[in-house]
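Novice: My structure is stored as model36.txt, with compact mmCIF, C-alpha atoms and all ligand atoms.
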# COMPACT_ATOMS: atom_id res chain seq x y z
CA MET A 1 110.43 84.04 147.19
CA LEU A 2 111.02 80.37 146.73
CA GLY A 3 114.46 79.92 148.20
CA PHE A 4 116.14 76.83 146.93
CA LEU A 5 118.38 74.85 149.17
CA ASN A 6 119.84 71.73 147.76
CA LYS A 7 121.34 69.42 150.32
CA SER A 8 122.01 66.46 148.10
CA LYS A 9 125.20 66.26 146.12
CA LYS A 10 123.84 63.35 144.19
CA ASN A 11 120.92 65.32 142.78
CA ASN A 12 122.69 68.66 142.55
CA LYS A 13 122.71 68.85 138.80
CA ASP A 14 119.10 67.71 138.30
CA SER A 15 117.84 69.98 141.04
CA LYS A 16 119.54 73.05 139.60
CA GLU A 17 117.98 72.37 136.25
CA SER A 18 114.59 72.01 137.88
CA LYS A 19 114.90 75.23 139.84
CA GLU A 20 115.21 77.23 136.66
CA SER A 21 112.01 75.73 135.35
CA ILE A 22 109.88 76.38 138.45
CA ASP A 23 107.92 79.64 138.52
CA ASP A 24 107.49 81.55 141.77
CA ASN A 25 103.73 81.04 141.71
CA VAL A 26 104.05 77.25 141.72
CA LYS A 27 103.26 75.60 145.05
CA ILE A 28 104.08 72.03 144.08
CA ALA A 29 106.27 71.11 141.12
CA ILE A 30 106.70 67.50 140.15
CA ARG A 31 109.58 66.64 137.86
CA ASP A 32 110.26 63.33 136.14
CA LEU A 33 108.55 61.36 138.90
CA THR A 34 108.89 57.64 138.38
CA VAL A 35 107.09 55.15 140.60
CA ILE A 36 107.32 51.39 140.19
CA LEU A 37 104.87 49.19 142.12
CA GLY A 38 105.23 45.45 141.88
CA ASN A 39 106.98 45.25 138.53
CA ARG A 40 104.85 47.91 136.82
CA LYS A 41 105.95 51.44 136.08
CA ILE A 42 102.92 53.37 137.35
CA LEU A 43 104.33 56.89 136.94
CA ASP A 44 106.83 57.32 134.14
CA LYS A 45 108.79 60.57 134.41
CA THR A 46 105.59 62.43 135.23
CA SER A 47 105.96 66.22 135.44
CA LEU A 48 103.39 68.82 136.44
CA ASP A 49 102.99 72.15 138.22
CA ILE A 50 100.33 73.05 140.74
CA HIS A 51 99.96 76.82 141.04
CA THR A 52 99.50 78.53 144.38
CA GLY A 53 95.86 79.10 145.27
CA LYS A 54 94.54 77.13 142.31
CA THR A 55 92.44 73.99 142.20
CA VAL A 56 93.66 71.28 139.86
CA ALA A 57 91.57 68.22 139.00
CA VAL A 58 93.48 65.08 138.04
CA MET A 59 91.48 62.64 135.96
CA GLY A 60 92.33 59.30 134.47
CA LEU A 61 91.16 55.73 134.09
CA SER A 62 91.03 53.47 137.09
CA GLY A 63 94.46 52.08 137.94
CA MET A 64 96.39 54.80 136.10
CA GLY A 65 98.16 55.97 139.26
CA LYS A 66 96.16 58.96 140.50
CA SER A 67 96.21 57.82 144.12
CA THR A 68 99.85 56.84 143.68
CA LEU A 69 100.61 60.41 142.61
CA LEU A 70 98.96 61.89 145.72
CA ARG A 71 100.55 59.32 148.00
CA SER A 72 103.96 60.16 146.55
CA ILE A 73 103.50 63.85 147.37
CA ILE A 74 103.08 63.09 151.07
CA ARG A 75 105.82 60.46 150.88
CA LEU A 76 103.72 57.44 151.69
CA LEU A 77 105.79 55.68 149.11
CA GLU A 78 109.30 56.08 147.83
CA PRO A 79 109.53 56.93 144.13
CA GLU A 80 112.15 55.36 141.93
CA GLY A 81 113.30 58.75 140.70
CA GLY A 82 112.37 62.37 140.17
CA GLN A 83 111.65 65.36 142.37
CA ILE A 84 108.66 66.79 144.19
CA PHE A 85 109.23 70.43 145.07
CA PHE A 86 107.08 72.08 147.73
CA GLU A 87 107.72 75.83 147.56
CA GLY A 88 110.95 75.06 145.73
CA LYS A 89 112.29 72.47 148.16
CA ASP A 90 112.47 68.83 147.19
CA ILE A 91 110.27 66.77 149.53
CA LEU A 92 112.16 63.64 148.52
CA GLN A 93 115.44 65.07 149.81
CA MET A 94 114.18 66.33 153.16
CA ASN A 95 115.28 64.94 156.49
CA GLN A 96 112.53 63.69 158.81
CA HIS A 97 112.25 66.95 160.74
CA LYS A 98 111.94 69.13 157.66
CA LEU A 99 109.56 66.62 156.10
CA ASP A 100 107.31 66.67 159.20
CA GLU A 101 107.28 70.48 159.15
CA THR A 102 106.42 70.54 155.45
CA LEU A 103 103.71 67.89 155.66
CA LYS A 104 101.91 69.96 158.30
CA ASN A 105 101.00 72.25 155.41
CA ILE A 106 99.37 69.46 153.40
CA GLY A 107 96.04 67.84 154.26
CA MET A 108 94.98 64.66 152.50
CA VAL A 109 91.54 63.16 152.09
CA PHE A 110 92.18 59.48 151.41
CA GLN A 111 90.17 57.55 148.86
CA LYS A 112 89.03 55.09 151.50
CA GLY A 113 88.59 57.54 154.35
CA ALA A 114 91.32 56.02 156.52
CA LEU A 115 89.89 57.08 159.87
CA PHE A 116 91.35 55.56 163.04
CA ASP A 117 88.80 52.90 164.02
CA SER A 118 89.46 53.11 167.75
CA MET A 119 89.04 56.89 167.99
CA THR A 120 85.82 58.91 168.06
CA ILE A 121 85.02 61.21 165.16
CA ALA A 122 86.07 64.22 167.28
CA GLU A 123 89.42 62.58 168.12
CA ASN A 124 89.96 61.70 164.47
CA VAL A 125 89.15 65.18 163.18
CA GLY A 126 91.15 66.92 165.90
CA PHE A 127 94.15 64.60 165.58
CA GLY A 128 96.38 67.09 163.74
CA LEU A 129 95.53 69.91 166.12
CA LYS A 130 96.34 67.75 169.15
CA GLU A 131 99.62 66.51 167.67
CA HIS A 132 100.90 69.70 166.11
CA THR A 133 99.55 72.66 168.08
CA THR A 134 99.44 73.89 171.65
CA MET A 135 95.68 74.33 171.52
CA LYS A 136 93.79 73.30 174.64
CA PRO A 137 91.36 70.34 174.44
CA LYS A 138 88.35 72.69 174.72
CA GLU A 139 89.61 74.86 171.86
CA ILE A 140 90.27 71.79 169.77
CA LEU A 141 86.76 70.49 170.36
CA GLU A 142 85.29 73.87 169.36
CA LYS A 143 87.29 73.87 166.14
CA VAL A 144 86.35 70.22 165.49
CA SER A 145 82.66 70.96 166.00
CA LYS A 146 82.80 73.91 163.61
CA THR A 147 84.56 71.79 160.99
CA LEU A 148 82.01 68.99 161.40
CA GLU A 149 79.25 71.53 160.78
CA ILE A 150 80.94 72.53 157.52
CA VAL A 151 80.80 68.96 156.23
CA ASP A 152 77.24 68.45 157.48
CA LEU A 153 78.18 66.18 160.38
CA ALA A 154 77.18 68.41 163.29
CA GLY A 155 76.67 66.50 166.53
CA ARG A 156 78.65 63.41 165.48
CA GLU A 157 81.64 64.16 167.71
CA ASP A 158 81.18 61.13 169.98
CA ASN A 159 80.35 58.57 167.29
CA MET A 160 82.86 55.90 166.37
CA PRO A 161 83.70 55.66 162.64
CA SER A 162 81.90 52.28 162.41
CA GLU A 163 78.68 54.02 163.45
CA LEU A 164 78.73 56.26 160.37
CA SER A 165 77.79 55.42 156.80
CA GLY A 166 80.55 55.25 154.17
CA GLY A 167 79.65 58.72 152.90
CA MET A 168 79.71 60.15 156.40
CA GLN A 169 83.11 58.60 157.06
CA LYS A 170 84.35 60.24 153.89
CA ARG A 171 83.12 63.61 155.09
CA ALA A 172 84.70 63.04 158.51
CA SER A 173 87.95 62.30 156.71
CA LEU A 174 87.54 65.53 154.80
CA ALA A 175 86.94 67.40 158.05
CA ARG A 176 90.16 65.90 159.42
CA ALA A 177 92.12 67.12 156.40
CA ILE A 178 90.87 70.70 156.61
CA CYS A 179 90.63 71.12 160.40
CA TYR A 180 94.29 72.00 160.64
CA ASN A 181 93.95 74.82 158.08
CA PRO A 182 96.51 73.41 155.65
CA GLU A 183 97.83 75.46 152.74
CA VAL A 184 97.37 72.52 150.39
CA VAL A 185 94.63 69.88 150.37
CA LEU A 186 94.90 66.69 148.31
CA TYR A 187 91.49 65.14 147.75
CA ASP A 188 91.38 61.54 146.52
CA GLU A 189 87.94 61.05 144.99
CA PRO A 190 86.13 63.19 147.54
CA THR A 191 82.67 62.78 145.99
CA THR A 192 82.75 59.10 144.98
CA GLY A 193 79.92 57.15 146.59
CA LEU A 194 78.10 60.21 147.90
CA ASP A 195 74.57 61.25 146.99
CA PRO A 196 74.17 64.25 144.64
CA ILE A 197 73.27 66.68 147.39
CA ILE A 198 76.27 65.81 149.53
CA CYS A 199 78.45 65.86 146.38
CA ASN A 200 77.38 69.42 145.92
CA VAL A 201 78.19 70.23 149.55
CA ILE A 202 81.69 68.83 149.05
CA ASN A 203 82.22 70.65 145.74
CA LYS A 204 81.15 73.92 147.33
CA LEU A 205 83.45 73.23 150.26
CA ILE A 206 86.43 72.74 147.94
CA MET A 207 85.62 76.04 146.23
CA ASP A 208 85.07 77.75 149.56
CA MET A 209 88.46 76.58 150.85
CA GLN A 210 90.03 78.24 147.83
CA LYS A 211 88.08 81.47 148.07
CA ARG A 212 88.21 82.00 151.83
CA PHE A 213 91.56 80.49 152.77
CA LYS A 214 93.48 80.62 149.45
CA VAL A 215 94.02 76.89 149.70
CA THR A 216 95.79 75.12 146.85
CA SER A 217 93.93 71.93 145.97
CA VAL A 218 94.52 68.79 143.97
CA VAL A 219 91.29 66.90 143.38
CA VAL A 220 91.50 63.39 141.97
CA THR A 221 88.09 62.61 140.57
CA HIS A 222 86.18 60.59 137.99
CA ASP A 223 83.30 62.99 138.31
CA LEU A 224 83.26 65.18 135.20
CA GLU A 225 80.69 67.61 136.61
CA SER A 226 82.62 68.00 139.81
CA ALA A 227 85.87 68.65 137.92
CA ARG A 228 84.19 71.24 135.73
CA MET A 229 82.72 72.94 138.77
CA VAL A 230 85.72 73.11 141.11
CA ALA A 231 88.81 73.13 138.91
CA ASP A 232 90.79 76.00 137.45
CA GLU A 233 92.69 73.41 135.48
CA ILE A 234 92.10 69.77 134.58
CA MET A 235 94.87 67.25 133.89
CA MET A 236 94.65 63.76 132.46
CA LEU A 237 97.02 61.10 133.74
CA HIS A 238 97.39 58.31 131.21
CA GLU A 239 99.96 55.54 131.04
CA GLY A 240 102.24 57.24 133.50
CA LYS A 241 102.21 60.73 132.00
CA ILE A 242 100.11 63.89 131.98
CA ILE A 243 98.83 63.78 128.42
CA GLU A 244 96.56 66.84 128.57
CA ARG A 245 96.07 69.86 130.76
CA GLY A 246 94.00 72.98 130.39
CA SER A 247 91.05 75.03 131.61
CA PRO A 248 87.86 72.97 131.97
CA ASP A 249 86.52 74.35 128.66
CA ASN A 250 89.72 73.54 126.81
CA PHE A 251 89.98 70.12 128.43
CA PHE A 252 86.46 69.07 127.59
CA ASN A 253 86.86 70.32 124.02
CA SER A 254 90.27 68.69 123.54
CA THR A 255 90.78 67.07 120.17
CA ASN A 256 92.95 64.34 121.75
CA PRO A 257 91.00 61.14 120.99
CA ILE A 258 91.81 59.69 124.42
CA ILE A 259 90.31 62.74 126.17
CA GLN A 260 87.33 62.74 123.84
CA GLN A 261 86.62 59.10 124.59
CA PHE A 262 87.09 59.66 128.33
CA VAL A 263 84.75 62.65 128.60
CA LYS A 264 82.12 60.97 126.46
CA GLY A 265 82.48 57.71 128.39
CA SER A 266 82.48 55.91 125.07
CA SER A 267 83.51 52.28 124.62
CA GLU A 268 84.73 53.18 121.10
CA GLY A 269 88.16 54.78 120.70
CA PRO A 270 91.84 54.35 121.45
CA ILE A 271 91.19 53.17 125.02
CA LYS A 272 90.40 49.48 124.81
CA VAL A 273 87.94 48.18 127.39
N1 LIG A 301 101.19 48.61 147.03
C1 LIG A 301 101.05 48.26 145.75
N2 LIG A 301 101.74 47.21 145.22
C2 LIG A 301 101.62 46.86 143.92
N3 LIG A 301 100.83 47.50 143.07
C3 LIG A 301 100.10 48.53 143.52
C4 LIG A 301 100.17 48.98 144.87
N4 LIG A 301 99.36 50.05 145.03
C5 LIG A 301 98.79 50.26 143.82
N5 LIG A 301 99.24 49.36 142.92
C6 LIG A 301 98.88 49.31 141.50
O1 LIG A 301 99.24 50.55 140.93
C7 LIG A 301 98.30 50.94 139.96
C8 LIG A 301 97.84 52.34 140.22
O2 LIG A 301 97.07 52.35 141.41
P1 LIG A 301 96.33 53.65 141.91
O3 LIG A 301 95.59 53.27 143.14
O4 LIG A 301 97.30 54.77 142.03
O5 LIG A 301 95.32 53.95 140.70
P2 LIG A 301 94.16 55.03 140.59
O6 LIG A 301 94.38 55.79 139.34
O7 LIG A 301 94.06 55.78 141.86
O8 LIG A 301 92.87 54.10 140.40
P3 LIG A 301 91.36 54.31 140.92
O9 LIG A 301 90.76 55.33 139.99
O10 LIG A 301 90.74 52.97 140.74
O11 LIG A 301 91.41 54.76 142.33
C9 LIG A 301 97.21 49.90 139.98
O12 LIG A 301 97.42 49.03 138.89
C10 LIG A 301 97.40 49.17 141.28
O13 LIG A 301 97.01 47.85 141.16
MG MG A 302 92.69 55.92 143.36
Starting from the file, give its structure as structure tokens.
Ligand SMILES: Nc1ncnc2c1ncn2[C@@H]1O[C@H](COP(=O)(O)OP(=O)(O)OP(=O)(O)O)[C@@H](O)[C@H]1O
Ligand SMILES: [Mg+2]
Specialist:
Amino acid sequence: MLGFLNKSKKNNKDSKESKESIDDNVKIAIRDLTVILGNRKILDKTSLDIHTGKTVAVMGLSGMGKSTLLRSIIRLLEPEGGQIFFEGKDILQMNQHKLDETLKNIGMVFQKGALFDSMTIAENVGFGLKEHTTMKPKEILEKVSKTLEIVDLAGREDNMPSELSGGMQKRASLARAICYNPEVVLYDEPTTGLDPIICNVINKLIMDMQKRFKVTSVVVTHDLESARMVADEIMMLHEGKIIERGSPDNFFNSTNPIIQQFVKGSSEGPIKV
């Protein structure tokens, strides 16, 4: 199912090795991803698999590189080394055309919302549909309105982003990511800064996307409850590597002292604060 086409001579050997270790049910496989920002190695040969149709929560201390990981997947930054396979094809080796085609399948909810300030909420949310489909403006607006209803922002089509609260902007950003019906959604702290009721709306939405549309999700979060609720699997990114992964029950009961300290929020333990 996952045809592998390697175009790069340079990475031929590495890529072949990786192919053998990628299962057919893996949507995104990251292998030995190294990212250096400034003079710090943020990701250090990080490897992980994200299975098709599953929701994975990525946890970790602030500054550990969670956003960097998501940004690497959609190629907002150029890693130092490694591979990021989407359905078996290395995103880092794609030409612009193939990359554009592939990225249409991935929606991203940015940590800071990242709405276009000069566009209305409807224009922001419908941006992908306008750019990448032949849908008529009326059809786009209908789809936008339905998506805004899902995130509890009905009737906000004509508002500018600056007219919405931070939490509302976040939900508009979420609507933008899902409006295009992507196969994969990357959520960067989707519930941070939202009140408990809206948090619940967002958590349910993430679960609904999985159940109804078989969406594969990566949810970066600090919110333990949210991770337990939405995730099939939880991973911990620490000092550039995935140091633990497992079902929510296994993760929360991990005997790894770093995980124990993290889930208890304790100031005592191997993590020095
Ligand atoms: N453009 C950049 N140039 C230099 N350093 C950067 C850049 N972007 C991020 N960093 C650094 O990389 C590290 C990882 O940042 P990142 O935003 O990925 O962390 P994070 O795990 O998402 O943190 P948080 O939980 O606070 O959102 C941080 O130390 C940050 O200061
Ligand atoms: Mg972040």
Novice: Skip stretch 102-115 of chain A itself and residues of its chain fewer than 2 positions away, then list as a PyMOL selection string all residues within 9 Å of it, counting all atoms listed in the file.
Specialist: chain A and resi 67+70-71+74+86+91+97-100+117-119+121+124-125+128+132+161+166+169-190+192
Novice: Between atom CA of A:Thr34 and atom CA of A:Ser21, what is the spacing in Å?
Specialist: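 So the answer is 18.6 Å.
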Novice: What is the atom CA of A:Leu33 to atom CA of A:Gly240 distance in Å?
Specialist: 9.3 Å
Novice: Please put the answer as lines of an AutoDock Vina configuration file: centre and edge lengths, in Å with one decimal, of a box along x, y and z that encloses all listed atoms of ligand LIG 301 (chain A) plus 6 Å on each side.
Specialist:
center_x = 96.2
center_y = 51.3
center_z = 143.0
size_x = 23.0
size_y = 20.9
size_z = 20.1
Novice: Atom CA of A:Ile28 to atom N2 of ligand LIG 301 (chain A): how many Å, to one decimal?
Specialist: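 Atom-to-atom, atom CA of A:Ile28 to atom N2 of ligand LIG 301 (chain A), that is 25.0 Å.
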Novice: In terms of the shortest atom-to-atom distance over only C-alpha atoms, which of A:Val151, A:Lys41, A:Glu87, A:Pro257 is closest to A:Ile243?
Specialist: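 The closest residue to A:Ile243 is A:Pro257.
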Novice: Show me which residues are within 10 Å of ligand LIG 301 (chain A) counting all atoms listed in the file, and format the list as number ranges by chain.
Specialist: A: 35-43, 58-72, 77, 111-112, 188-189, 220-222, 237-240
Novice: Around the point (81.4, 65.5, 138.7), in the coordinates given by the file, pick out the residues reaching within 10 Å, counting all atoms listed in the file, and return them as a list in words.
Specialist: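 Checking each residue against the 10 Å limit leaves Thr191, Thr192, Pro196, Cys199, Asn200, Asn203, Thr221, His222, Asp223, Leu224, Glu225, Ser226, Ala227, Arg228, Met229 and Val230 of chain A.
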Novice: Find, counting all atoms listed in the file, the residue in A:Ile271, A:Ile84, A:Met168, A:Ile22 that gets nearest to A:Ile202.
Specialist: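 Using all atoms listed in the file, the shortest distance to A:Ile202 belongs to A:Met168.
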Novice: Select, from A:Val219, A:Met94, A:Lys143, A:Leu148, the residue with the minimum atom-to-atom distance to ligand MG 302 (chain A), counting only C-alpha atoms and all ligand atoms.
Specialist: A:Val219
Novice: With distances taken over only C-alpha atoms, which residue among A:Lys45, A:Arg75, A:Lys89, A:Arg212 lies nearest A:Ala29?
Specialist: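 Once distances to A:Ala29 are computed over only C-alpha atoms, the minimum belongs to A:Lys89.
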